[in-house]
Structures are given as C-alpha cells and as structure tokens.
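Quick look at query-v6.cif (mmCIF, C-alpha atoms):
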```
data_upload
#
loop_
_atom_site.group_PDB
_atom_site.id
_atom_site.type_symbol
_atom_site.label_atom_id
_atom_site.label_comp_id
_atom_site.auth_asym_id
_atom_site.auth_seq_id
_atom_site.Cartn_x
_atom_site.Cartn_y
_atom_site.Cartn_z
ATOM 1 C CA MET A 1 0.000 0.000 0.000
ATOM 2 C CA HIS A 2 1.338 3.426 -0.947
ATOM 3 C CA ASP A 3 0.952 6.683 0.924
ATOM 4 C CA HIS A 4 -1.003 9.100 -1.293
ATOM 5 C CA THR A 5 -0.673 12.031 1.082
ATOM 6 C CA SER A 6 0.488 15.158 -0.757
ATOM 7 C CA PRO A 7 4.127 15.946 0.042
ATOM 8 C CA GLU A 8 5.037 19.119 1.839
ATOM 9 C CA PRO A 9 5.759 22.082 -0.458
ATOM 10 C CA VAL A 10 9.399 22.631 -1.288
ATOM 11 C CA ALA A 11 10.547 26.139 -0.441
ATOM 12 C CA LEU A 12 12.781 27.486 -3.190
ATOM 13 C CA PRO A 13 14.893 30.609 -2.653
ATOM 14 C CA LEU A 14 13.428 33.704 -4.306
ATOM 15 C CA GLY A 15 16.663 35.641 -4.410
ATOM 16 C CA GLY A 16 19.878 34.172 -5.740
ATOM 17 C CA GLY A 17 20.499 30.784 -7.261
ATOM 18 C CA ILE A 18 18.882 27.442 -6.659
ATOM 19 C CA SER A 19 21.147 24.918 -4.984
ATOM 20 C CA ARG A 20 21.546 21.272 -5.892
ATOM 21 C CA ALA A 21 19.670 20.364 -2.682
ATOM 22 C CA ASP A 22 16.757 22.563 -3.753
ATOM 23 C CA ASP A 23 16.755 20.931 -7.197
ATOM 24 C CA HIS A 24 16.793 17.490 -5.594
ATOM 25 C CA ALA A 25 13.888 18.364 -3.307
ATOM 26 C CA PHE A 26 11.897 19.803 -6.225
ATOM 27 C CA LEU A 27 12.473 16.783 -8.465
ATOM 28 C CA GLN A 28 11.616 14.405 -5.655
ATOM 29 C CA ARG A 29 8.342 16.216 -5.048
ATOM 30 C CA LEU A 30 7.557 16.323 -8.775
ATOM 31 C CA ILE A 31 8.161 12.579 -9.124
ATOM 32 C CA ARG A 32 5.886 11.851 -6.155
ATOM 33 C CA THR A 33 3.182 14.122 -7.622
ATOM 34 C CA LEU A 34 3.277 12.602 -11.108
ATOM 35 C CA ASP A 35 3.740 8.980 -10.010
ATOM 36 C CA SER A 36 2.623 8.441 -6.422
ATOM 37 C CA SER A 37 3.419 4.726 -6.659
ATOM 38 C CA HIS A 38 7.063 5.207 -7.635
ATOM 39 C CA PRO A 39 9.161 3.118 -5.207
ATOM 40 C CA ALA A 40 12.193 5.425 -4.952
ATOM 41 C CA PRO A 41 11.590 9.088 -5.870
ATOM 42 C CA ASP A 42 14.634 10.147 -3.856
ATOM 43 C CA ARG A 43 16.983 7.877 -5.791
ATOM 44 C CA LEU A 44 15.436 8.809 -9.157
ATOM 45 C CA ALA A 45 15.763 12.531 -8.379
ATOM 46 C CA ALA A 46 19.451 11.967 -7.618
ATOM 47 C CA SER A 47 19.830 10.029 -10.889
ATOM 48 C CA PHE A 48 18.271 12.890 -12.867
ATOM 49 C CA LEU A 49 20.682 15.365 -11.292
ATOM 50 C CA ALA A 50 23.659 13.098 -11.931
ATOM 51 C CA ARG A 51 22.712 12.741 -15.612
ATOM 52 C CA PHE A 52 21.464 16.252 -16.449
ATOM 53 C CA GLY A 53 23.089 18.514 -13.859
ATOM 54 C CA SER A 54 20.025 20.462 -12.731
ATOM 55 C CA ALA A 55 16.257 20.218 -12.467
ATOM 56 C CA GLY A 56 15.861 22.676 -15.340
ATOM 57 C CA MET A 57 18.077 20.648 -17.661
ATOM 58 C CA ALA A 58 16.270 17.452 -16.662
ATOM 59 C CA LEU A 59 12.918 18.986 -17.523
ATOM 60 C CA SER A 60 14.194 20.140 -20.918
ATOM 61 C CA ALA A 61 15.613 16.708 -21.797
ATOM 62 C CA HIS A 62 14.168 14.489 -24.518
ATOM 63 C CA VAL A 63 11.729 11.771 -23.503
ATOM 64 C CA GLY A 64 14.237 9.201 -24.784
ATOM 65 C CA ALA A 65 16.952 10.518 -22.473
ATOM 66 C CA LEU A 66 14.502 10.524 -19.558
ATOM 67 C CA ASP A 67 13.562 6.929 -20.407
ATOM 68 C CA GLU A 68 17.217 5.918 -20.113
ATOM 69 C CA VAL A 69 17.308 7.225 -16.544
ATOM 70 C CA ALA A 70 13.776 6.513 -15.313
ATOM 71 C CA GLY A 71 13.191 3.251 -17.147
ATOM 72 C CA ARG A 72 10.516 2.543 -19.720
ATOM 73 C CA GLU A 73 8.193 0.882 -17.228
ATOM 74 C CA THR A 74 7.307 4.189 -15.570
ATOM 75 C CA VAL A 75 4.861 6.806 -16.872
ATOM 76 C CA LEU A 76 7.143 9.634 -15.773
ATOM 77 C CA PRO A 77 8.925 10.588 -19.026
ATOM 78 C CA PRO A 78 5.794 11.526 -21.035
ATOM 79 C CA LEU A 79 4.332 13.306 -18.000
ATOM 80 C CA LEU A 80 7.565 15.254 -17.560
ATOM 81 C CA ALA A 81 7.331 16.203 -21.238
ATOM 82 C CA VAL A 82 3.956 17.824 -20.495
ATOM 83 C CA VAL A 83 5.510 19.721 -17.583
ATOM 84 C CA THR A 84 8.305 20.871 -19.902
ATOM 85 C CA GLU A 85 5.825 22.160 -22.479
ATOM 86 C CA ALA A 86 4.002 24.085 -19.750
ATOM 87 C CA ALA A 87 7.306 25.610 -18.599
ATOM 88 C CA LEU A 88 8.215 26.601 -22.169
ATOM 89 C CA ARG A 89 4.867 28.334 -22.575
ATOM 90 C CA LEU A 90 5.477 30.273 -19.364
ATOM 91 C CA TYR A 91 8.977 31.221 -20.541
ATOM 92 C CA ARG A 92 7.587 32.324 -23.905
ATOM 93 C CA ALA A 93 4.887 34.441 -22.271
ATOM 94 C CA ARG A 94 7.504 36.098 -20.041
ATOM 95 C CA VAL A 95 9.792 36.773 -22.996
ATOM 96 C CA ARG A 96 6.876 38.350 -24.868
ATOM 97 C CA ARG A 97 6.218 40.733 -21.974
ATOM 98 C CA THR A 98 9.850 41.657 -21.385
ATOM 99 C CA ASP A 99 12.184 44.023 -23.178
ATOM 100 C CA ILE A 100 14.795 41.630 -24.577
ATOM 101 C CA LEU A 101 17.577 43.954 -23.453
ATOM 102 C CA ALA A 102 16.305 43.830 -19.871
ATOM 103 C CA GLY A 103 15.732 40.087 -19.904
ATOM 104 C CA GLN A 104 18.882 38.604 -21.447
ATOM 105 C CA ALA A 105 19.285 35.992 -18.710
ATOM 106 C CA GLY A 106 15.670 34.895 -19.084
ATOM 107 C CA LEU A 107 16.010 34.830 -22.866
ATOM 108 C CA GLU A 108 19.074 32.584 -22.692
ATOM 109 C CA ALA A 109 17.326 30.309 -20.182
ATOM 110 C CA TYR A 110 14.358 30.073 -22.541
ATOM 111 C CA LEU A 111 16.581 29.157 -25.494
ATOM 112 C CA GLN A 112 18.412 26.623 -23.341
ATOM 113 C CA ALA A 113 15.068 25.041 -22.446
ATOM 114 C CA CYS A 114 13.965 25.042 -26.109
ATOM 115 C CA MET A 115 17.120 23.652 -27.670
ATOM 116 C CA GLY A 116 19.531 22.545 -24.964
ATOM 117 C CA HIS A 117 18.838 18.826 -25.390
ATOM 118 C CA GLU A 118 17.972 18.675 -29.092
ATOM 119 C CA VAL A 119 19.927 15.949 -30.852
ATOM 120 C CA ILE A 120 19.893 17.713 -34.231
ATOM 121 C CA GLU A 121 20.825 21.300 -34.995
ATOM 122 C CA GLN A 122 18.015 23.839 -35.093
ATOM 123 C CA PHE A 123 18.005 27.449 -36.208
ATOM 124 C CA ARG A 124 15.467 29.772 -34.587
ATOM 125 C CA VAL A 125 14.757 33.447 -35.115
ATOM 126 C CA LEU A 126 13.125 35.745 -32.589
ATOM 127 C CA PHE A 127 11.489 38.625 -34.458
ATOM 128 C CA LEU A 128 11.338 41.836 -32.415
ATOM 129 C CA ASP A 129 9.728 45.238 -32.828
ATOM 130 C CA GLU A 130 11.547 48.573 -32.475
ATOM 131 C CA ASP A 131 11.203 48.409 -28.673
ATOM 132 C CA PHE A 132 12.707 44.897 -28.423
ATOM 133 C CA HIS A 133 9.375 43.188 -27.752
ATOM 134 C CA LEU A 134 8.837 39.734 -29.201
ATOM 135 C CA LEU A 135 6.583 39.499 -32.258
ATOM 136 C CA ALA A 136 7.277 35.845 -33.098
ATOM 137 C CA ASP A 137 9.637 32.993 -32.252
ATOM 138 C CA GLU A 138 9.965 30.704 -35.242
ATOM 139 C CA LEU A 139 11.993 27.631 -36.144
ATOM 140 C CA MET A 140 13.567 28.504 -39.489
ATOM 141 C CA GLY A 141 15.589 25.360 -40.121
ATOM 142 C CA THR A 142 16.535 21.898 -38.834
ATOM 143 C CA GLY A 143 19.356 19.685 -40.004
ATOM 144 C CA THR A 144 21.919 17.207 -38.718
ATOM 145 C CA VAL A 145 23.982 16.946 -35.546
ATOM 146 C CA ASN A 146 26.304 19.699 -36.784
ATOM 147 C CA HIS A 147 24.494 21.644 -39.501
ATOM 148 C CA SER A 148 21.149 23.278 -40.169
ATOM 149 C CA PRO A 149 20.305 25.060 -43.430
ATOM 150 C CA VAL A 150 19.898 28.827 -43.104
ATOM 151 C CA TYR A 151 18.353 31.016 -45.808
ATOM 152 C CA PRO A 152 18.995 34.712 -45.046
ATOM 153 C CA ARG A 153 16.525 35.993 -47.631
ATOM 154 C CA GLU A 154 13.737 33.841 -46.173
ATOM 155 C CA ILE A 155 14.513 35.253 -42.730
ATOM 156 C CA MET A 156 14.327 38.818 -44.055
ATOM 157 C CA ARG A 157 11.154 38.114 -46.008
ATOM 158 C CA ARG A 158 9.536 36.857 -42.817
ATOM 159 C CA ALA A 159 10.846 39.849 -40.854
ATOM 160 C CA LEU A 160 9.294 42.283 -43.328
ATOM 161 C CA LYS A 161 5.980 40.423 -43.255
ATOM 162 C CA LEU A 162 5.891 40.609 -39.447
ATOM 163 C CA GLY A 163 7.037 44.224 -39.375
ATOM 164 C CA ALA A 164 10.075 43.241 -37.310
ATOM 165 C CA ARG A 165 12.898 45.754 -36.917
ATOM 166 C CA ARG A 166 15.316 43.628 -34.897
ATOM 167 C CA LEU A 167 16.254 39.953 -34.801
ATOM 168 C CA VAL A 168 17.786 37.557 -32.316
ATOM 169 C CA LEU A 169 19.203 34.522 -34.084
ATOM 170 C CA ALA A 170 19.671 31.285 -32.139
ATOM 171 C CA HIS A 171 20.916 27.811 -32.857
ATOM 172 C CA ASN A 172 22.205 24.826 -30.913
ATOM 173 C CA HIS A 173 25.377 22.748 -31.041
ATOM 174 C CA PRO A 174 24.124 19.269 -30.082
ATOM 175 C CA ALA A 175 27.543 17.657 -30.250
ATOM 176 C CA GLY A 176 29.745 20.245 -28.582
ATOM 177 C CA GLN A 177 30.516 23.559 -26.970
ATOM 178 C CA PRO A 178 28.596 26.764 -27.777
ATOM 179 C CA GLU A 179 31.574 28.661 -29.194
ATOM 180 C CA PRO A 180 30.893 29.709 -32.810
ATOM 181 C CA SER A 181 32.603 28.149 -35.790
ATOM 182 C CA SER A 182 33.984 30.248 -38.625
ATOM 183 C CA ALA A 183 30.921 29.221 -40.649
ATOM 184 C CA ASP A 184 28.637 30.450 -37.826
ATOM 185 C CA ILE A 185 30.388 33.829 -37.813
ATOM 186 C CA GLU A 186 30.339 34.173 -41.600
ATOM 187 C CA MET A 187 26.648 33.271 -41.808
ATOM 188 C CA THR A 188 25.726 35.682 -39.009
ATOM 189 C CA LEU A 189 27.573 38.595 -40.610
ATOM 190 C CA ARG A 190 25.922 37.827 -43.931
ATOM 191 C CA ILE A 191 22.454 37.952 -42.382
ATOM 192 C CA ALA A 192 23.394 41.190 -40.610
ATOM 193 C CA GLN A 193 24.605 42.752 -43.877
ATOM 194 C CA ILE A 194 21.406 41.826 -45.726
ATOM 195 C CA GLY A 195 19.420 43.130 -42.761
ATOM 196 C CA LYS A 196 21.078 46.538 -42.965
ATOM 197 C CA LEU A 197 19.897 46.896 -46.545
ATOM 198 C CA MET A 198 16.342 46.251 -45.347
ATOM 199 C CA GLN A 199 16.613 48.288 -42.125
ATOM 200 C CA VAL A 200 16.376 45.162 -39.979
ATOM 201 C CA THR A 201 19.042 44.875 -37.278
ATOM 202 C CA VAL A 202 20.503 41.582 -36.079
ATOM 203 C CA HIS A 203 20.700 42.357 -32.370
ATOM 204 C CA ASP A 204 22.325 39.089 -31.278
ATOM 205 C CA HIS A 205 23.046 35.505 -32.181
ATOM 206 C CA ILE A 206 22.940 33.067 -29.273
ATOM 207 C CA ILE A 207 24.390 29.574 -29.527
ATOM 208 C CA VAL A 208 23.239 26.903 -27.082
ATOM 209 C CA GLY A 209 25.465 23.930 -26.316
ATOM 210 C CA ASN A 210 26.677 21.699 -23.522
ATOM 211 C CA GLY A 211 24.589 23.459 -20.874
ATOM 212 C CA ARG A 212 25.993 26.904 -21.759
ATOM 213 C CA THR A 213 25.214 29.742 -24.135
ATOM 214 C CA HIS A 214 27.383 32.025 -26.257
ATOM 215 C CA SER A 215 26.212 35.541 -27.197
ATOM 216 C CA PHE A 216 27.739 37.087 -30.314
ATOM 217 C CA ARG A 217 26.964 40.557 -28.982
ATOM 218 C CA ALA A 218 28.576 39.920 -25.606
ATOM 219 C CA ALA A 219 31.641 38.520 -27.407
ATOM 220 C CA GLY A 220 31.933 41.649 -29.580
ATOM 221 C CA LEU A 221 31.074 39.817 -32.799
ATOM 222 C CA LEU A 222 28.031 42.016 -33.386
ATOM 223 C CA ILE A 223 27.981 45.786 -32.805
#
```
What does the file become when written as structure tokens?
Amino acid sequence: MHDHTSPEPVALPLGGGISRADDHAFLQRLIRTLDSSHPAPDRLAASFLARFGSAGMALSAHVGALDEVAGRETVLPPLLAVVTEAALRLYRARVRRTDILAGQAGLEAYLQACMGHEVIEQFRVLFLDEDFHLLADELMGTGTVNHSPVYPREIMRRALKLGARRLVLAHNHPAGQPEPSSADIEMTLRIAQIGKLMQVTVHDHIIVGNGRTHSFRAAGLLI
C-alpha cells in the first residue's frame, strides 16, 4: 500500500540561485506528484541530477533521455514532457512581456530550455519590434547533428511580413561547446549585412550547447 498524502511544499529561494539540494527536493516532489506509486523518488531525483546537472536541464531533456534514466516501465517521461511544455509556454509568455535587453538571462534560459537537449541542430529566429518586444519565435531550419540550413533571404522576407525591426538569431550545437565556428560567424555577418539593406538589425546571435550559451553581442562579434 502506498501513501497518497500530498508531500510538503518545497521552499525554493526567491533571491539568488537554486542549490543542488533545492533541485533534488523539487524533483523528488515532482516525481511523487506525477507517479505516487514510484518506489524510490529520492533515488530517481538523484539520478536525474547526476545525468542532467540540474532540475531545469532534466525537464528540458528528450523523452528518450529521460527513459534511459527513469526506465521505460514508468509513466514519468511523457508526463515530464507535459511539464516541460508548460514551462516553455510560461517562458515564452515572459519573454513576450519583457524588453529583450532587460531580460537577457531569461532569454538565454528560454533558449536553453527550447534547444539545450535537441539531438539535431536547429536554427530559430526571434522577431522583435523597435522596442525589443517579441513578435514571433519561429523555427527557421533543422538539419543534422552539426548543420542546419539557413536562408537569409527567407529570414528577411519573414521579418518584413511581421514588421520586425530587430532579430535575435539562435541555434544549438548538439555535439559540442557553444563557441561559434567560422561558418557560424560568416553566416551571421551575412544575415546582418542583408538586414542593414532592409533596415532590420541583427541584435544578437545566441548559440546553445553543452549546458551553456554564447552571445555574439557579448563577445563583440556584433555591434
């Protein structure tokens, strides 16, 4: 017989970072909530942290990767996928309400959640208005583990249709670090040059990889 009593709420710190102990407590509570009959939520929470590094990265992982840790006999992976989708929608709503310049950390966290565990390369574009508010977040290309096709003129055509004046480009490096390749830099500068002709500014290009992000603007590659 299993105890179906709701677990006590986990108090997370509102200021500053979230510790590994907080992440463990949160994951343990989430596992108990989604699967009250799970025999060892404490051990599974620890396994998620060992594999993914944090609760956030665990929740953004693919169902297949979650299956490898949780085991296929549990219902947890697909339920966690629903939780992840809910979190992404909350992130997206927050990004829409926030000036991108004032919310860089949140923007990078959102992109990490969207693409951090993708096994193929994706290229996204965030289309912004003059005041840096999000008009649309669209996937503009998918490819292989180390390449996704990018068509600058299609990006600009979409920007003009949306009335966007600024862009944030984003893609992931599934197989490595987030530092840009020479091809990444060349492609970004090409898009920026075409944008200038159309009065559309490439504000930043953010690469997601290996749990970290790389901002072209912060690195001085875009001015």
Selection dump of the PyMOL selection byres ((chain A and resi 170-183) around 9), as an MDAnalysis selection string
chainID A and resid 111:112 115:126 145:148 168:169 184:188 204:216
Would you pick out the contacts of Gly53 of chain A at 12 Å or less, using only C-alpha atoms, so that residues sharing its chain but fewer than 2 positions from it are not included, and give the list as a PyMOL selection string?
chain A and resi 19-21+23-24+45-51+55-61+210-212
Using all atoms listed in the file, pick whichever of A:Leu139, A:Ile155, A:Ile191, A:Leu197 has the shortest atom-to-atom distance to Cys114 of chain A.
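Smallest separation from Cys114 of chain A among the options: A:Leu139.
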Need the neighbours of (12.9, 35.3, -28.9): which residues are at most 10 Å away, counting only C-alpha atoms, as a PyMOL selection string?
chain A and resi 92+95-96+100+107-108+110-111+124-128+132-138+167-170
Residues within 10 Å of (6.3, 10.9, -10.1), file coordinates, counting only C-alpha atoms: what are they? Give the list as a count of residues only.
23
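Taking all atoms listed in the file into account, Gly163 of chain A lies nearest to A:Val200 out of the set A:Pro149, A:Gly143, A:Ala192, A:Val200.
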Please compute the atom CA of Gly64 of chain A-atom CA of Val150 of chain A distance, one decimal, in Å.
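These two atoms are separated by 27.4 Å.
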Just the residues within 10 Å of Arg165 of chain A, please, counting all atoms listed in the file, with nothing from its chain fewer than 3 positions along; format it as a list in words.
Phe127, Leu128, Asp129, Glu130, Asp131, Phe132, Ala159, Leu160, Leu162, Gly195, Met198, Gln199, Val200, Thr201, Val202 and His203 of chain A
Kindly give the distance, in Å, that separates atom CA of Ala113 of chain A and atom CA of Ile223 of chain A, rounded to a single decimal.
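Taking atom CA of Ala113 of chain A and atom CA of Ile223 of chain A, their separation equals 26.5 Å.
Atom CA of Ala25 of chain A is found 21.6 Å from atom CA of His62 of chain A.
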Taking all atoms of segment 156-167 of chain A that the file lists, what box with edges along x, y and z, padded by 3 Å per side, do you get, with centre and edge lengths in Å to one decimal, as lines of an AutoDock Vina configuration file?
```
center_x = 11.1
center_y = 41.3
center_z = -40.4
size_x = 16.4
size_y = 14.9
size_z = 17.2
```
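Proximity of A:Asp42, A:Ala86, A:Ala65, A:Gly106 to Phe26 of chain A, computed with all atoms listed in the file, is greatest for A:Asp42.
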